[in-house]
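S.K.: My questions will all concern the structure given below.
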Amino acid sequence: MAEGLPTNDAAAGSGPAGAAQAGRKLREVRIYDTLREQVVPLRPLVPPRVGMFVCGLTPYKPSHIGHARSFVFFDVVARFLRYLGYRVFYLQNSTDIDDKIIRQANEEGTDTFHVSERNFQLYLRNMEALGVRSVNLYARCTDYVPEIISQVRGLVDRGFGYAVEGGDVYFEVARFPKFGALSKQRLEAVQAGSRIEVDPRKRSPEDFALWKGAKPGEPWWESPWGQGRPGWHIEDTAITVNVLGPRYDLHGGGAELKFPHHEAEIAQAESATGLSPLASIWMHAGLLNMRGEKMSKSLGNVIPLDETLRQHNPAVLRYFLLSGLYRSPLDYVGAPSLEEAGRSFETLASPYRRLRQLWQDLSHANDLARKGPGLDGAVAERARATEERMVAALAEDFQLREATRELFNWGKEVNTLLGRTEHYSGDALSVLLAPYQFADEVLGFFPLDRTSAGPPASSGAELGPMVEIVLAARQRARSRGDFAEADRLRDELTAAGVVIEDTPKGPKWRPKGS
RNA sequence: GCCGAGGUGGCAGAAUGGUUAAUGCGACGGACUGCAGAUCCGUUUCUUGGGGGUUCGAUUCCCUCCCUCGGCUCCA
């Protein structure tokens, strides 16, 4: 939210957030659960708390825009639940030790910590640029090795895991009949489709590694099975059981993780704790595709997130990533996708920008309390209704597009009102701003206060004096009818990244991309 | 092969067993402007992959065929 804007009710404790403290019933949110294959109400184990875990990334390389889609979406999930008054603890892990990181470190001639930490820090910066700020704890796998070993040992003790020669420990899938329930896969079918050479030490091909014995030159930790490191799946359950408990409310991740990763999580955690279900609701975000195909290194179509954020307004990327149904694939065709999104975003943000400017003008003039024209009661009612419809859309399995549509419609109304007069009172402006503030708080549509399309531009402060001089010259040219000169000066300002708009009250300007 | 998602206007992309099938982008016309931009108003285009069925009525439910994409132990 831009500094100096009217305070949102929720933040002030008199709105929905205050409801929880007052012990009132929280608004019900319905979410599609992959396991049950239907939209179900979120019923927190310990209301109003919501434990939420989302599978994070393996930072062996800089993250790409596909990652951004999931993490931006789950950011909205956490923001929305908090807006409603749920007290969300959002946990995300980072797989900072695994085969790919080891390989990358060897290629670079450095160690795994450097590789994972460098990419993880870059990821955090990228997430910050995208306005993702709802995660309470990023848990690194290597910080939880004792918990991991303890959980593996527990599984071995209870007969779910078995150690083999070489220091590997496997989970015996045959001991967990529900394996496959989440992805609706049957084991026989899975075995038939296996692409991986079966390790002869495993009792069954579908058994997966809980712990891997260290090979020469690899990082290792001491364990009851010798020197080794965690298998891929175990860190998530070791971390969540310790941080969120044996059961929690929401588990999120990309759709491709359903099988085998999330199946393995269920098998591990429920076998280790004896409690079920591990997560009350399993959410899966649709993947981001490149021109209809998955994004993968072998196809050579991975778009680095960092590069994209340097070339485009992060707000536009965020808007684009949130523009479809979260469970469906989203197709990215490169820059044209973001250019179109940028035009849409401009339509969306422009009325907000106008309102915010008016508010700030009043604020600077210390005149917020003045008696300006108020608002028609019907307008105020429509503002409330707009916000309510946005809430309702999100409360029914996060229908982002529905919510956004409301904001477009609201923008049209705002533009019409501002076309009649701009002299509204502070109260009236805050009513008009409310739907935008909701969108900012929950959808994060206006991160870092950047509300127009395009790459970052120079700041208004450093351009200001030059622009004012040129603009004055252009006005003189216009008043003497020398429109050729006036247009030339406008072209120069445009080339310098300044957007000029003539209004009845004289020309206005702003840096492109601000 | 098995599991899953999907085929809607020029493009992106929603929705519902039943008034004119959202919204955005684009295009065209009008208002405004010296011009442009922004904004407003209006217009433009889909009968919802093919076929069959259920129904008073289906884009929405069922069957079938065609096509696309994803998962099947690296992957947000």
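Starting from 1 in every chain, residues are counted up; chains themselves are A, B, ... following the order of the structure tokens, and ligands are numbered from 1 as listed.
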If we count only C-alpha atoms (C1' of nucleotides), what is near stretch 32-34 of chain B at a cut-off of 10 Å, once residues fewer than 4 positions away on the same chain are taken out, given as JSON, numbers by chain?
M.R.: {"A": [478, 479, 481, 482, 483, 502, 503, 504], "B": [39, 40]}
S.K.: With N, CA, C and O atoms (P, O5', C5', C4', C3', O3' and C1' of nucleotides) kept, could you save the residues just selected as a JSON list (two decimals), in the first residue's frame?
M.R.:
[["chain", "number", "residue", "atom", "x", "y", "z"],
["A", 478, "ARG", "N", 2.81, 26.19, -27.89],
["A", 478, "ARG", "CA", 1.39, 25.90, -28.14],
["A", 478, "ARG", "C", 0.57, 27.19, -28.17],
["A", 478, "ARG", "O", -0.32, 27.36, -29.01],
["A", 479, "SER", "N", 0.88, 28.06, -27.22],
["A", 479, "SER", "CA", 0.04, 29.26, -27.12],
["A", 479, "SER", "C", 0.25, 30.19, -28.30],
["A", 479, "SER", "O", -0.63, 30.97, -28.66],
["A", 481, "GLY", "N", 0.71, 28.96, -31.22],
["A", 481, "GLY", "CA", 0.21, 28.20, -32.36],
["A", 481, "GLY", "C", 1.28, 27.44, -33.12],
["A", 481, "GLY", "O", 1.02, 26.91, -34.18],
["A", 482, "ASP", "N", 2.47, 27.36, -32.54],
["A", 482, "ASP", "CA", 3.55, 26.64, -33.21],
["A", 482, "ASP", "C", 3.50, 25.17, -32.78],
["A", 482, "ASP", "O", 4.28, 24.72, -31.95],
["A", 483, "PHE", "N", 2.54, 24.44, -33.36],
["A", 483, "PHE", "CA", 2.33, 23.07, -32.91],
["A", 483, "PHE", "C", 3.43, 22.13, -33.37],
["A", 483, "PHE", "O", 3.67, 21.10, -32.74],
["A", 502, "ASP", "N", -2.05, 16.06, -21.79],
["A", 502, "ASP", "CA", -2.68, 17.37, -21.66],
["A", 502, "ASP", "C", -4.06, 17.19, -21.05],
["A", 502, "ASP", "O", -4.83, 16.34, -21.45],
["A", 503, "THR", "N", -4.31, 18.01, -20.07],
["A", 503, "THR", "CA", -5.62, 17.95, -19.41],
["A", 503, "THR", "C", -6.21, 19.36, -19.40],
["A", 503, "THR", "O", -5.50, 20.33, -19.70],
["A", 504, "PRO", "N", -7.50, 19.46, -19.07],
["A", 504, "PRO", "CA", -8.11, 20.79, -19.02],
["A", 504, "PRO", "C", -7.37, 21.73, -18.07],
["A", 504, "PRO", "O", -7.42, 22.94, -18.22],
["B", 39, "U", "P", -7.49, 5.08, -20.47],
["B", 39, "U", "O5'", -8.74, 6.01, -20.18],
["B", 39, "U", "C5'", -8.95, 6.55, -18.87],
["B", 39, "U", "C4'", -10.13, 7.47, -18.89],
["B", 39, "U", "C3'", -11.38, 6.89, -19.52],
["B", 39, "U", "O3'", -12.10, 6.06, -18.62],
["B", 39, "U", "C1'", -11.03, 9.05, -20.37],
["B", 40, "C", "P", -12.96, 4.89, -19.20],
["B", 40, "C", "O5'", -14.26, 5.65, -19.68],
["B", 40, "C", "C5'", -15.04, 6.40, -18.76],
["B", 40, "C", "C4'", -16.09, 7.16, -19.51],
["B", 40, "C", "C3'", -16.93, 6.33, -20.47],
["B", 40, "C", "O3'", -17.99, 5.66, -19.81],
["B", 40, "C", "C1'", -16.18, 8.27, -21.58]]
S.K.: How close does chain B get to chain A? List, as a Markdown table, each residue of chain B within 7 Å, its nearest atom pair and the distance in Å to one decimal, counting only C-alpha atoms (C1' of nucleotides).
M.R.:
| residue | atom | partner | partner_atom | distance |
| --- | --- | --- | --- | --- |
| B:C2 | C1' | A:Ala189 | CA | 5.2 |
| B:C3 | C1' | A:Gln185 | CA | 5.7 |
| B:U23 | C1' | A:Arg405 | CA | 5.2 |
| B:G24 | C1' | A:Ser344 | CA | 5.9 |
| B:C25 | C1' | A:Glu340 | CA | 6.2 |
| B:G34 | C1' | A:Phe483 | CA | 7.0 |
| B:G37 | C1' | A:Glu501 | CA | 5.9 |
| B:A38 | C1' | A:Glu501 | CA | 6.7 |
| B:U39 | C1' | A:Asn415 | CA | 6.7 |
| B:C40 | C1' | A:Thr416 | CA | 6.7 |
| B:C69 | C1' | A:Gly292 | CA | 6.5 |
| B:G71 | C1' | A:Glu256 | CA | 6.3 |
| B:C72 | C1' | A:Val190 | CA | 5.6 |
| B:U73 | C1' | A:Pro260 | CA | 5.6 |
| B:A76 | C1' | A:His67 | CA | 4.1 |
S.K.: Taking only stretch 317-375 of chain A into account, list the residues labelled helix (DSSP H, G or I) by DSSP (computed from the backbone), as a PyMOL selection string.
M.R.: chain A and resi 317-321+335-364
S.K.: For stretch 129-133 of chain A, please output as a PyMOL selection string all residues within 8 Å (counting only C-alpha atoms (C1' of nucleotides); exclusion window: fewer than 2 positions along the same chain).
M.R.: chain A and resi 71-72+75+125-127+135+309+314-315+317-318+444+447-448
S.K.: Go through A:His114, A:Arg27, A:Arg229, A:Arg79 and flag the residue nearest A:Asp440, using only C-alpha atoms for the distances.
M.R.: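 With only C-alpha atoms as the atom set, the closest residue is A:Arg79.
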S.K.: Which residue gives the smallest distance to A:Pro224 among A:Ala495, A:Phe179, A:Gln151, A:Val29, with only C-alpha atoms counted?
M.R.: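 Result for the nearest residue to A:Pro224: A:Gln151.
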S.K.: What does the distance from atom CA of A:Gly217 to atom CA of A:Asp236 come to in Å, to one decimal?
M.R.: 25.2 Å
